[in-house]
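Containing CSV, C-alpha atoms and all ligand atoms: data_35.csv.
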chain,number,residue,atom,x,y,z
A,56,MET,CA,78.0,86.1,80.5
A,57,TYR,CA,80.1,84.7,83.3
A,58,LEU,CA,79.1,85.8,86.8
A,59,THR,CA,81.1,85.2,90.0
A,60,PRO,CA,79.4,83.3,92.9
A,61,LEU,CA,78.8,86.7,94.6
A,62,GLU,CA,77.2,88.2,91.5
A,63,GLU,CA,75.0,85.1,91.2
A,64,LYS,CA,73.9,85.6,94.8
A,65,ILE,CA,73.0,89.3,94.1
A,66,LEU,CA,71.1,88.1,91.0
A,67,ASN,CA,69.2,85.7,93.2
A,68,GLY,CA,68.1,88.6,95.4
A,69,GLU,CA,70.3,87.8,98.4
A,70,ARG,CA,71.3,91.5,98.6
A,71,GLY,CA,67.8,92.8,98.4
A,72,ALA,CA,65.5,93.9,95.6
A,73,THR,CA,67.3,97.0,94.5
A,74,CYS,CA,70.7,95.3,93.9
A,75,GLN,CA,68.8,92.4,92.2
A,76,LYS,CA,67.1,94.9,89.8
A,77,ALA,CA,70.5,96.7,89.2
A,78,ILE,CA,72.4,93.5,88.4
A,79,GLU,CA,69.5,92.3,86.2
A,80,ILE,CA,69.9,95.5,84.1
A,81,LEU,CA,73.7,95.1,83.9
A,82,VAL,CA,73.3,91.4,82.8
A,83,ALA,CA,70.7,92.3,80.3
A,84,LEU,CA,73.0,94.9,78.8
A,85,GLY,CA,75.9,92.5,78.8
A,86,ASP,CA,73.9,89.8,77.0
A,87,ILE,CA,72.7,92.3,74.4
A,88,TYR,CA,76.3,93.5,73.7
A,89,ASP,CA,77.9,90.1,74.1
A,90,ALA,CA,80.0,91.0,77.2
A,91,ASP,CA,82.0,88.2,78.7
A,92,ARG,CA,81.7,89.4,82.4
A,93,LEU,CA,81.2,92.3,84.7
A,94,ILE,CA,84.3,94.5,85.5
A,95,PRO,CA,84.9,96.8,88.4
A,96,ILE,CA,84.5,100.6,87.8
A,97,LYS,CA,86.0,103.6,89.5
A,98,SER,CA,83.0,106.0,89.3
A,99,THR,CA,79.7,106.8,87.7
A,100,GLN,CA,78.1,109.9,86.4
A,101,ILE,CA,74.4,109.5,86.3
A,102,ALA,CA,71.9,111.0,83.8
A,103,GLY,CA,68.2,111.2,84.4
A,104,VAL,CA,68.2,114.1,86.9
A,105,SER,CA,66.2,116.9,85.3
A,106,TYR,CA,62.5,116.7,86.1
A,107,LYS,CA,62.0,118.1,82.6
A,108,THR,CA,63.5,114.9,81.1
A,109,ILE,CA,62.5,112.1,83.5
A,110,GLY,CA,59.1,113.3,84.7
A,111,ASP,CA,57.0,111.5,87.4
A,112,ALA,CA,57.8,108.0,86.1
A,113,GLY,CA,61.6,108.6,86.6
A,114,LEU,CA,61.0,110.2,90.0
A,115,GLU,CA,59.0,107.2,91.1
A,116,TRP,CA,61.6,104.7,89.9
A,117,ILE,CA,64.5,106.3,91.7
A,118,SER,CA,62.4,106.8,94.9
A,119,ASP,CA,61.6,103.1,95.1
A,120,LEU,CA,65.3,102.1,95.1
A,121,LYS,CA,66.9,101.2,98.5
A,122,GLY,CA,70.6,100.9,99.5
A,123,LYS,CA,73.8,102.8,98.7
A,124,VAL,CA,76.0,103.3,95.7
A,125,ALA,CA,79.2,101.2,95.8
A,126,VAL,CA,81.5,103.7,94.0
A,127,PRO,CA,81.8,107.5,93.9
A,128,SER,CA,78.9,108.8,91.9
A,129,ILE,CA,77.9,112.2,90.7
A,130,LEU,CA,74.8,113.5,88.9
A,131,ASN,CA,74.1,115.1,85.6
A,132,PRO,CA,72.6,118.7,85.6
A,133,ALA,CA,69.2,119.1,87.0
A,134,GLY,CA,66.4,121.2,85.6
A,135,MET,CA,67.1,124.2,87.8
A,136,ASP,CA,69.7,125.9,90.0
A,137,LEU,CA,69.0,124.2,93.3
A,138,GLU,CA,69.4,127.5,95.2
A,139,CYS,CA,68.5,130.3,92.8
A,140,TRP,CA,65.6,128.5,91.0
A,141,LYS,CA,63.2,131.4,91.5
A,142,GLU,CA,65.6,133.8,89.8
A,143,MET,CA,65.5,131.4,86.8
A,144,GLY,CA,61.7,131.7,86.6
A,145,ILE,CA,61.1,128.1,87.7
A,146,SER,CA,57.6,127.3,89.1
A,147,GLU,CA,57.1,126.1,92.7
A,148,GLU,CA,55.6,122.9,91.3
A,149,PHE,CA,58.6,122.0,89.1
A,150,ALA,CA,61.0,123.0,92.0
A,151,LYS,CA,59.2,120.6,94.4
A,152,LYS,CA,59.5,117.7,92.0
A,153,GLN,CA,63.1,118.5,91.2
A,154,LYS,CA,64.0,118.6,94.9
A,155,ASP,CA,62.3,115.2,95.4
A,156,ILE,CA,64.5,113.7,92.7
A,157,ILE,CA,67.6,115.1,94.3
A,158,LYS,CA,66.5,113.8,97.7
A,159,ALA,CA,66.0,110.3,96.2
A,160,TYR,CA,69.5,110.3,94.7
A,161,LYS,CA,71.0,111.6,98.0
A,162,ALA,CA,69.3,108.7,99.9
A,163,LEU,CA,71.2,106.4,97.6
A,164,GLY,CA,74.5,108.0,98.6
A,165,VAL,CA,75.1,109.8,95.3
A,166,LYS,CA,77.1,113.1,95.6
A,167,ILE,CA,74.8,116.0,95.0
A,168,GLU,CA,77.0,117.7,92.4
A,169,CYS,CA,74.9,118.1,89.3
A,170,SER,CA,77.4,118.6,86.5
A,171,CYS,CA,78.4,117.4,83.0
A,172,THR,CA,82.0,118.2,83.9
A,173,PRO,CA,82.7,115.8,86.9
A,174,TYR,CA,86.5,115.8,85.9
A,175,ASN,CA,86.7,119.5,86.8
A,176,ILE,CA,85.3,118.9,90.3
A,177,TYR,CA,87.0,115.8,91.5
A,178,ASP,CA,90.5,114.6,90.4
A,179,ASP,CA,90.0,111.0,91.4
A,180,LEU,CA,86.9,109.9,89.4
A,181,ALA,CA,88.7,108.8,86.3
A,182,SER,CA,92.4,108.4,85.3
A,183,PHE,CA,94.0,106.9,82.2
A,184,GLY,CA,93.0,103.3,81.8
A,185,ASP,CA,90.2,103.4,84.4
A,186,HIS,CA,86.9,101.8,83.7
A,187,VAL,CA,83.9,104.1,84.5
A,188,ALA,CA,80.2,104.3,83.8
A,189,TRP,CA,79.3,107.8,82.8
A,190,SER,CA,76.2,108.9,81.0
A,191,GLU,CA,76.3,112.5,79.8
A,192,SER,CA,77.5,112.5,76.3
A,193,SER,CA,80.1,115.3,76.5
A,194,ALA,CA,81.5,113.8,79.8
A,195,ILE,CA,81.7,110.3,78.1
A,196,SER,CA,83.6,111.8,75.2
A,197,TYR,CA,86.0,113.7,77.5
A,198,ALA,CA,86.6,110.6,79.7
A,199,ASN,CA,87.3,108.3,76.7
A,200,SER,CA,89.2,110.8,74.5
A,201,VAL,CA,91.0,113.4,76.8
A,202,ILE,CA,91.5,111.4,80.0
A,203,GLY,CA,91.9,108.0,78.3
A,204,ALA,CA,89.5,106.3,80.7
A,205,ARG,CA,87.0,103.8,79.4
A,206,THR,CA,83.2,104.2,79.3
A,207,ASN,CA,80.3,103.3,77.1
A,208,ARG,CA,77.4,105.7,76.5
A,209,GLU,CA,75.5,104.7,79.6
A,210,GLY,CA,71.8,105.5,79.9
A,211,GLY,CA,70.6,106.8,83.3
A,212,PRO,CA,69.3,103.4,84.5
A,213,GLY,CA,72.5,101.6,83.3
A,214,ALA,CA,74.8,104.1,85.1
A,215,LEU,CA,72.7,104.0,88.3
A,216,SER,CA,72.8,100.2,88.2
A,217,ALA,CA,76.5,100.3,87.7
A,218,ALA,CA,76.8,102.6,90.7
A,219,LEU,CA,74.8,100.3,93.0
A,220,ILE,CA,76.9,97.2,92.0
A,221,GLY,CA,80.2,99.0,91.5
A,222,LYS,CA,80.6,97.1,88.1
A,223,THR,CA,79.6,97.4,84.5
A,224,ALA,CA,79.4,94.9,81.6
A,225,ASN,CA,82.7,94.5,79.7
A,226,TYR,CA,81.9,95.5,76.1
A,227,GLY,CA,82.2,98.4,73.7
A,228,PHE,CA,84.7,101.1,74.6
A,229,HIS,CA,86.0,99.0,77.6
A,230,LEU,CA,87.7,96.8,75.0
A,231,ASP,CA,90.9,97.7,73.1
A,232,GLU,CA,89.6,96.6,69.8
A,233,ASN,CA,86.8,99.1,69.8
A,234,ARG,CA,89.0,102.1,70.6
A,235,LYS,CA,90.9,102.3,67.3
A,236,PRO,CA,90.1,105.1,64.9
A,237,ASP,CA,87.9,104.5,61.8
A,238,ILE,CA,88.3,107.7,59.8
A,239,LEU,CA,90.9,110.5,59.5
A,240,ILE,CA,89.6,114.0,59.6
A,241,LYS,CA,92.1,116.6,58.3
A,242,VAL,CA,91.2,120.1,59.3
A,243,ASP,CA,92.5,122.8,57.0
A,244,ALA,CA,92.1,125.8,59.3
A,245,LYS,CA,93.6,127.3,62.4
A,246,LEU,CA,91.1,127.1,65.2
A,247,ARG,CA,90.5,128.7,68.6
A,248,ASP,CA,87.8,128.7,71.3
A,249,SER,CA,84.3,128.1,69.9
A,250,ASP,CA,85.7,127.1,66.5
A,251,TYR,CA,86.3,123.7,68.0
A,252,GLY,CA,82.6,123.4,68.8
A,253,ALA,CA,81.7,124.5,65.3
A,254,LEU,CA,84.2,121.8,64.0
A,255,GLY,CA,82.5,119.2,66.2
A,256,TYR,CA,79.1,120.2,64.9
A,257,ILE,CA,80.1,119.4,61.3
A,258,ALA,CA,82.3,116.4,62.1
A,259,GLY,CA,79.6,114.7,64.2
A,260,GLU,CA,77.1,115.0,61.3
A,261,MET,CA,79.7,113.5,58.9
A,262,VAL,CA,80.9,110.5,61.0
A,263,GLY,CA,77.9,109.4,63.1
A,264,ASP,CA,79.1,106.9,65.7
A,265,LYS,CA,82.6,106.2,64.2
A,266,VAL,CA,85.8,106.9,66.0
A,267,PRO,CA,87.5,109.9,64.3
A,268,PHE,CA,91.2,110.6,64.2
A,269,PHE,CA,91.9,114.3,63.8
A,270,ARG,CA,94.9,115.9,62.1
A,271,LEU,CA,94.7,119.6,63.2
A,272,LYS,CA,96.8,122.7,62.3
A,273,SER,CA,96.4,124.1,65.8
A,274,LYS,CA,96.9,122.6,69.3
A,275,PRO,CA,93.7,122.6,71.3
A,276,SER,CA,93.5,123.2,75.0
A,277,LYS,CA,91.5,120.8,77.2
A,278,ASP,CA,88.5,123.2,77.2
A,279,GLU,CA,88.7,123.3,73.4
A,280,LEU,CA,88.8,119.5,73.2
A,281,ARG,CA,85.8,119.4,75.5
A,282,SER,CA,83.9,121.7,73.1
A,283,LEU,CA,84.9,119.5,70.1
A,284,GLY,CA,83.8,116.3,71.8
A,285,ALA,CA,80.5,117.7,73.2
A,286,ALA,CA,79.4,118.9,69.8
A,287,MET,CA,80.3,115.7,68.0
A,288,ALA,CA,78.4,113.7,70.6
A,289,ALA,CA,75.3,115.9,69.9
A,290,SER,CA,75.3,116.2,66.1
A,291,GLY,CA,76.5,112.6,65.7
A,292,ALA,CA,77.0,109.9,68.3
A,293,VAL,CA,80.8,110.1,68.8
A,294,ALA,CA,81.9,108.7,72.2
A,295,LEU,CA,85.6,108.6,71.5
A,296,TYR,CA,88.0,110.5,69.2
A,297,HIS,CA,91.7,110.9,68.9
A,298,VAL,CA,93.8,114.0,68.0
A,299,GLU,CA,97.2,113.3,66.5
A,300,GLY,CA,99.9,114.5,68.9
A,301,VAL,CA,97.4,115.6,71.5
A,302,THR,CA,95.1,113.0,73.1
A,303,PRO,CA,96.6,110.2,75.2
A,304,GLU,CA,95.9,107.2,73.0
A,305,ALA,CA,96.5,108.8,69.6
A,306,ASP,CA,100.0,107.6,69.2
A,307,ARG,CA,98.9,103.9,69.5
A,308,TYR,CA,97.4,104.2,66.1
A,309,GLU,CA,98.3,104.9,62.4
A,310,ALA,CA,96.0,107.4,60.8
A,311,PRO,CA,93.1,105.6,59.0
A,312,ARG,CA,93.2,105.4,55.2
A,313,ASP,CA,89.6,106.5,54.9
A,314,ALA,CA,89.8,110.3,55.1
A,315,ILE,CA,87.8,113.5,54.8
A,316,THR,CA,88.9,117.2,54.9
A,317,ILE,CA,87.1,120.0,56.6
A,318,GLU,CA,87.9,123.5,55.4
A,319,GLU,CA,87.7,126.8,57.1
A,320,LYS,CA,84.7,128.0,55.2
A,321,GLN,CA,82.6,125.0,56.5
A,322,ILE,CA,83.5,126.0,60.0
A,323,LYS,CA,82.6,129.7,59.4
A,324,ASP,CA,79.3,128.6,57.9
A,325,VAL,CA,78.2,127.1,61.2
A,326,TYR,CA,78.2,130.6,62.7
A,327,LYS,CA,76.0,131.9,59.8
A,328,SER,CA,73.3,129.2,60.0
A,329,GLY,CA,70.7,129.4,62.7
A,330,THR,CA,69.0,126.2,63.8
A,331,GLY,CA,65.3,125.7,64.6
A,332,THR,CA,62.3,127.8,63.7
A,333,GLY,CA,61.4,131.1,65.0
A,334,SER,CA,62.6,134.6,64.3
A,335,GLY,CA,64.1,137.6,65.9
A,336,GLU,CA,67.3,138.7,67.5
A,337,PRO,CA,68.8,136.7,70.4
A,338,ASP,CA,67.0,137.5,73.7
A,339,LEU,CA,69.1,135.1,75.7
A,340,ILE,CA,72.9,134.7,75.5
A,341,ALA,CA,74.0,131.5,77.3
A,342,PHE,CA,77.5,130.3,78.1
A,343,GLY,CA,78.6,127.1,79.8
A,344,CYS,CA,77.7,124.1,77.6
A,345,PRO,CA,79.5,122.0,78.8
A,346,HIS,CA,79.7,123.7,82.3
A,347,SER,CA,82.2,126.5,82.3
A,348,SER,CA,85.7,125.8,83.6
A,349,VAL,CA,87.7,128.2,85.7
A,350,ASP,CA,89.6,129.4,82.6
A,351,GLU,CA,86.3,130.0,80.8
A,352,LEU,CA,84.9,132.0,83.7
A,353,ALA,CA,88.1,134.0,83.9
A,354,ASN,CA,87.8,134.8,80.2
A,355,LEU,CA,84.1,135.9,80.6
A,356,ALA,CA,85.0,138.0,83.6
A,357,ARG,CA,87.7,139.7,81.5
A,358,LEU,CA,85.4,140.4,78.5
A,359,LEU,CA,82.7,141.7,80.8
A,360,GLU,CA,84.9,143.9,83.0
A,361,GLY,CA,83.5,147.4,83.6
A,362,LYS,CA,80.5,146.7,81.2
A,363,LYS,CA,76.8,146.2,81.7
A,364,VAL,CA,74.8,143.6,79.7
A,365,LYS,CA,71.6,144.8,78.1
A,366,LYS,CA,70.2,141.3,77.5
A,367,GLU,CA,69.6,138.3,79.6
A,368,VAL,CA,72.9,136.5,80.0
A,369,TRP,CA,73.4,133.1,81.7
A,370,VAL,CA,76.7,131.5,82.6
A,371,CYS,CA,76.2,127.9,83.6
A,372,THR,CA,78.8,126.1,85.7
A,373,SER,CA,79.1,123.5,88.4
A,374,ARG,CA,78.4,124.5,92.0
A,375,ALA,CA,81.9,123.4,93.1
A,376,ILE,CA,83.6,125.7,90.5
A,377,LYS,CA,81.3,128.6,91.5
A,378,ASP,CA,82.0,128.1,95.3
A,379,ARG,CA,85.7,127.8,94.7
A,380,ASN,CA,85.9,131.0,92.6
A,381,PRO,CA,83.9,133.7,94.3
A,382,GLU,CA,85.9,136.6,93.0
A,383,LEU,CA,85.5,135.5,89.4
A,384,ILE,CA,81.7,135.0,89.9
A,385,GLU,CA,81.4,138.4,91.4
A,386,ARG,CA,83.2,140.1,88.5
A,387,ILE,CA,80.8,138.3,86.1
A,388,GLN,CA,77.7,139.1,88.1
A,389,ARG,CA,78.7,142.8,88.4
A,390,SER,CA,78.0,143.1,84.6
A,391,GLY,CA,74.4,141.9,85.2
A,392,ALA,CA,75.1,138.4,83.8
A,393,LYS,CA,73.5,135.6,85.9
A,394,VAL,CA,75.6,132.6,87.0
A,395,PHE,CA,73.6,129.4,87.4
A,396,CYS,CA,74.8,126.1,88.9
A,397,ASP,CA,73.4,122.5,88.9
A,398,THR,CA,71.6,123.0,85.6
A,399,CYS,CA,72.1,124.3,82.1
A,400,MET,CA,70.3,126.2,79.3
A,401,VAL,CA,69.3,123.0,77.6
A,402,VAL,CA,68.0,120.8,80.4
A,403,SER,CA,66.2,123.6,82.3
A,404,PRO,CA,62.6,124.5,81.2
A,405,ALA,CA,63.5,128.1,82.1
A,406,SER,CA,65.0,128.8,78.7
A,407,GLU,CA,61.7,127.9,76.9
A,408,ARG,CA,60.3,131.4,77.6
A,409,PHE,CA,62.8,133.1,75.3
A,410,LYS,CA,62.6,133.2,71.5
A,411,CYS,CA,66.2,132.9,70.3
A,412,MET,CA,69.3,131.8,72.2
A,413,MET,CA,72.8,132.8,71.2
A,414,VAL,CA,75.5,130.3,72.2
A,415,ASN,CA,79.2,129.7,71.8
A,416,SER,CA,78.7,125.9,72.0
A,417,GLY,CA,78.2,123.5,69.1
A,418,LYS,CA,76.4,121.1,71.4
A,419,ALA,CA,73.9,123.7,72.6
A,420,HIS,CA,73.4,124.9,69.1
A,421,LYS,CA,72.3,121.4,68.1
A,422,TYR,CA,70.1,120.7,71.1
A,423,VAL,CA,68.4,124.1,71.8
A,424,PRO,CA,65.8,123.9,69.0
A,425,ASN,CA,64.6,120.4,69.8
A,426,LEU,CA,64.8,120.4,73.6
A,427,CYS,CA,63.9,124.1,74.3
A,428,GLY,CA,61.7,124.7,71.2
A,429,ILE,CA,63.4,128.0,70.4
A,430,LYS,CA,65.8,129.2,67.7
A,431,SER,CA,69.6,129.0,68.2
A,432,VAL,CA,72.4,131.1,66.8
A,433,MET,CA,76.0,130.1,67.3
A,434,ALA,CA,78.8,132.7,67.6
A,435,THR,CA,82.3,133.1,69.0
A,436,THR,CA,82.6,134.0,72.7
A,437,GLU,CA,83.5,137.6,71.8
A,438,LYS,CA,80.6,138.0,69.4
A,439,CYS,CA,78.2,136.6,72.1
A,440,ILE,CA,79.5,139.2,74.5
A,441,GLU,CA,79.1,142.0,71.8
A,442,GLU,CA,75.5,140.9,71.4
A,443,ALA,CA,74.9,140.9,75.1
A,444,LEU,CA,76.1,144.5,75.3
A,445,LYS,CA,73.9,145.8,72.4
A,446,ASP,CA,70.8,147.8,73.2
B,1,LIG,FE1,76.2,120.0,79.9
B,1,LIG,FE2,73.8,120.9,79.5
B,1,LIG,FE3,75.6,121.1,77.6
B,1,LIG,S1,74.3,118.9,80.4
B,1,LIG,S2,77.0,119.5,77.9
B,1,LIG,S3,75.6,122.1,79.7
B,1,LIG,S4,73.5,120.5,77.3
Represent the structure of the file as structure tokens.
Amino acid sequence: MYLTPLEEKILNGERGATCQKAIEILVALGDIYDADRLIPIKSTQIAGVSYKTIGDAGLEWISDLKGKVAVPSILNPAGMDLECWKEMGISEEFAKKQKDIIKAYKALGVKIECSCTPYNIYDDLASFGDHVAWSESSAISYANSVIGARTNREGGPGALSAALIGKTANYGFHLDENRKPDILIKVDAKLRDSDYGALGYIAGEMVGDKVPFFRLKSKPSKDELRSLGAAMAASGAVALYHVEGVTPEADRYEAPRDAITIEEKQIKDVYKSGTGTGSGEPDLIAFGCPHSSVDELANLARLLEGKKVKKEVWVCTSRAIKDRNPELIERIQRSGAKVFCDTCMVVSPASERFKCMMVNSGKAHKYVPNLCGIKSVMATTEKCIEEALKD
């Protein structure tokens, strides 16, 4: 891979050990994937934040790094709400380690916003055609597909290295030739709300890491596209998709010849099939995977108006969205539902004490059994609220 004279100097350690380590990681990735050079990036979104997932080894690695990030960088959700962690049932010991991780990222100049929806917090992290290095799978899918920015599926160390150097290796989805669709998915159903998550759940399993091109009968909102992409990234490894007449790069391509059809019954079946072992009725109803947008909070506030939940209900969102919308948050909390920031029902150990989680997200439905060790049931947003209000 070609390196500029300045990059060579960094590789030789002239900018210190941290930048040297970071560029070594980028060059190693570039060599593996046959990149020709490093390219400048506009932002990074860094995974490897929850103490539940990175443990002491991850904490030690981040704490040893010195210097500052070179581009705006934001974090993935942590293992707890950084303010209301006691209310989540998080132990003092876990909270201490989690705070140490956050402190280590802060020392590197990373913005302490822990969210999988960075595009809902800052407008200037990624625009059409920008190269970025993001690492949460739903955020990657959104950046590539809905914004039309360009990112690979970065691991935590890759994204942090890109943040420190301000560049990433030029391969994969940064290149035009890897962004064209491989398979047409015709959807024979009118969809709304969580149906898109259910569709993504099925489609991801079918296409793996291909680039699907959807032909839909309904026009999805941005939140619905986000649900579709999040679920496909979880049940498969889809990092980019196109929707005919909707997403910004779709009209560059002809629909692929290789095609499958998904019917309404298949989508409805996702709601019937629980995932994971365990039994019993849902004892936790969780919204906000990916982190709830303002529109989603407004919908929940409307559905919960004047009602009291009888079960544990969590609404996960980013701290920025919570802080900017106090009236909506208050209306949700008045029902007894809890609003948590900086974390989510999947990456926090707090959900492990429940037996069965009901979710309106295809991504959470896929991950909850493996990452939380409990059963998951998927339902529409309205059905989740009905369940929350039942005795
Ligand atoms: Fe975000 Fe957690 Fe879901 S990181 S996409 S809310 S699993």
- Cut-off 10 Å, all atoms listed in the file, neighbours of ligand LIG 1 (chain B) as a PyMOL selection string: chain A and resi 102+105+131-134+169-172+191-194+281-282+284-286+288-289+341-347+370-373+397-403+416-423+426
- Item | Nearest to Pro275 of chain A, chosen from A:Gly211, A:Ile240, A:Ser128, A:Val201, with only C-alpha atoms counted in the distances |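 Residue with the minimum atom-to-atom distance to Pro275 of chain A: A:Val201.
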- Just how far from atom CA of Glu336 of chain A is atom CA of Ala443 of chain A, in Å to one decimal?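 Result for atom CA of Ala443 of chain A versus atom CA of Glu336 of chain A: 11.0 Å, one decimal.
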- Which of A:Gly252, A:Pro267, A:Gly210, A:Gly103 sits closest to Asn415 of chain A [using only C-alpha atoms]: A:Gly252
- For Arg234 of chain A, which of A:Leu215, A:Val293, A:Leu114, A:Leu163 is the closest residue, counting only C-alpha atoms? A:Val293
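A straight line drawn from atom CA of Asn233 of chain A to atom CA of Ile317 of chain A is 24.7 Å long.
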- Kindly give the distance, in Å, that separates atom CA of Lys445 of chain A and atom CA of Glu360 of chain A, rounded to a single decimal.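 Rounded to one decimal, the two atoms are 15.4 Å apart.
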- Item | Shell of 8 Å around segment 295-312 of chain A, all atoms listed in the file, local chain residues under 6 positions omitted, as an MDAnalysis selection string | chainID A and resid 195:197 199:203 234:239 266:271 274:275 284
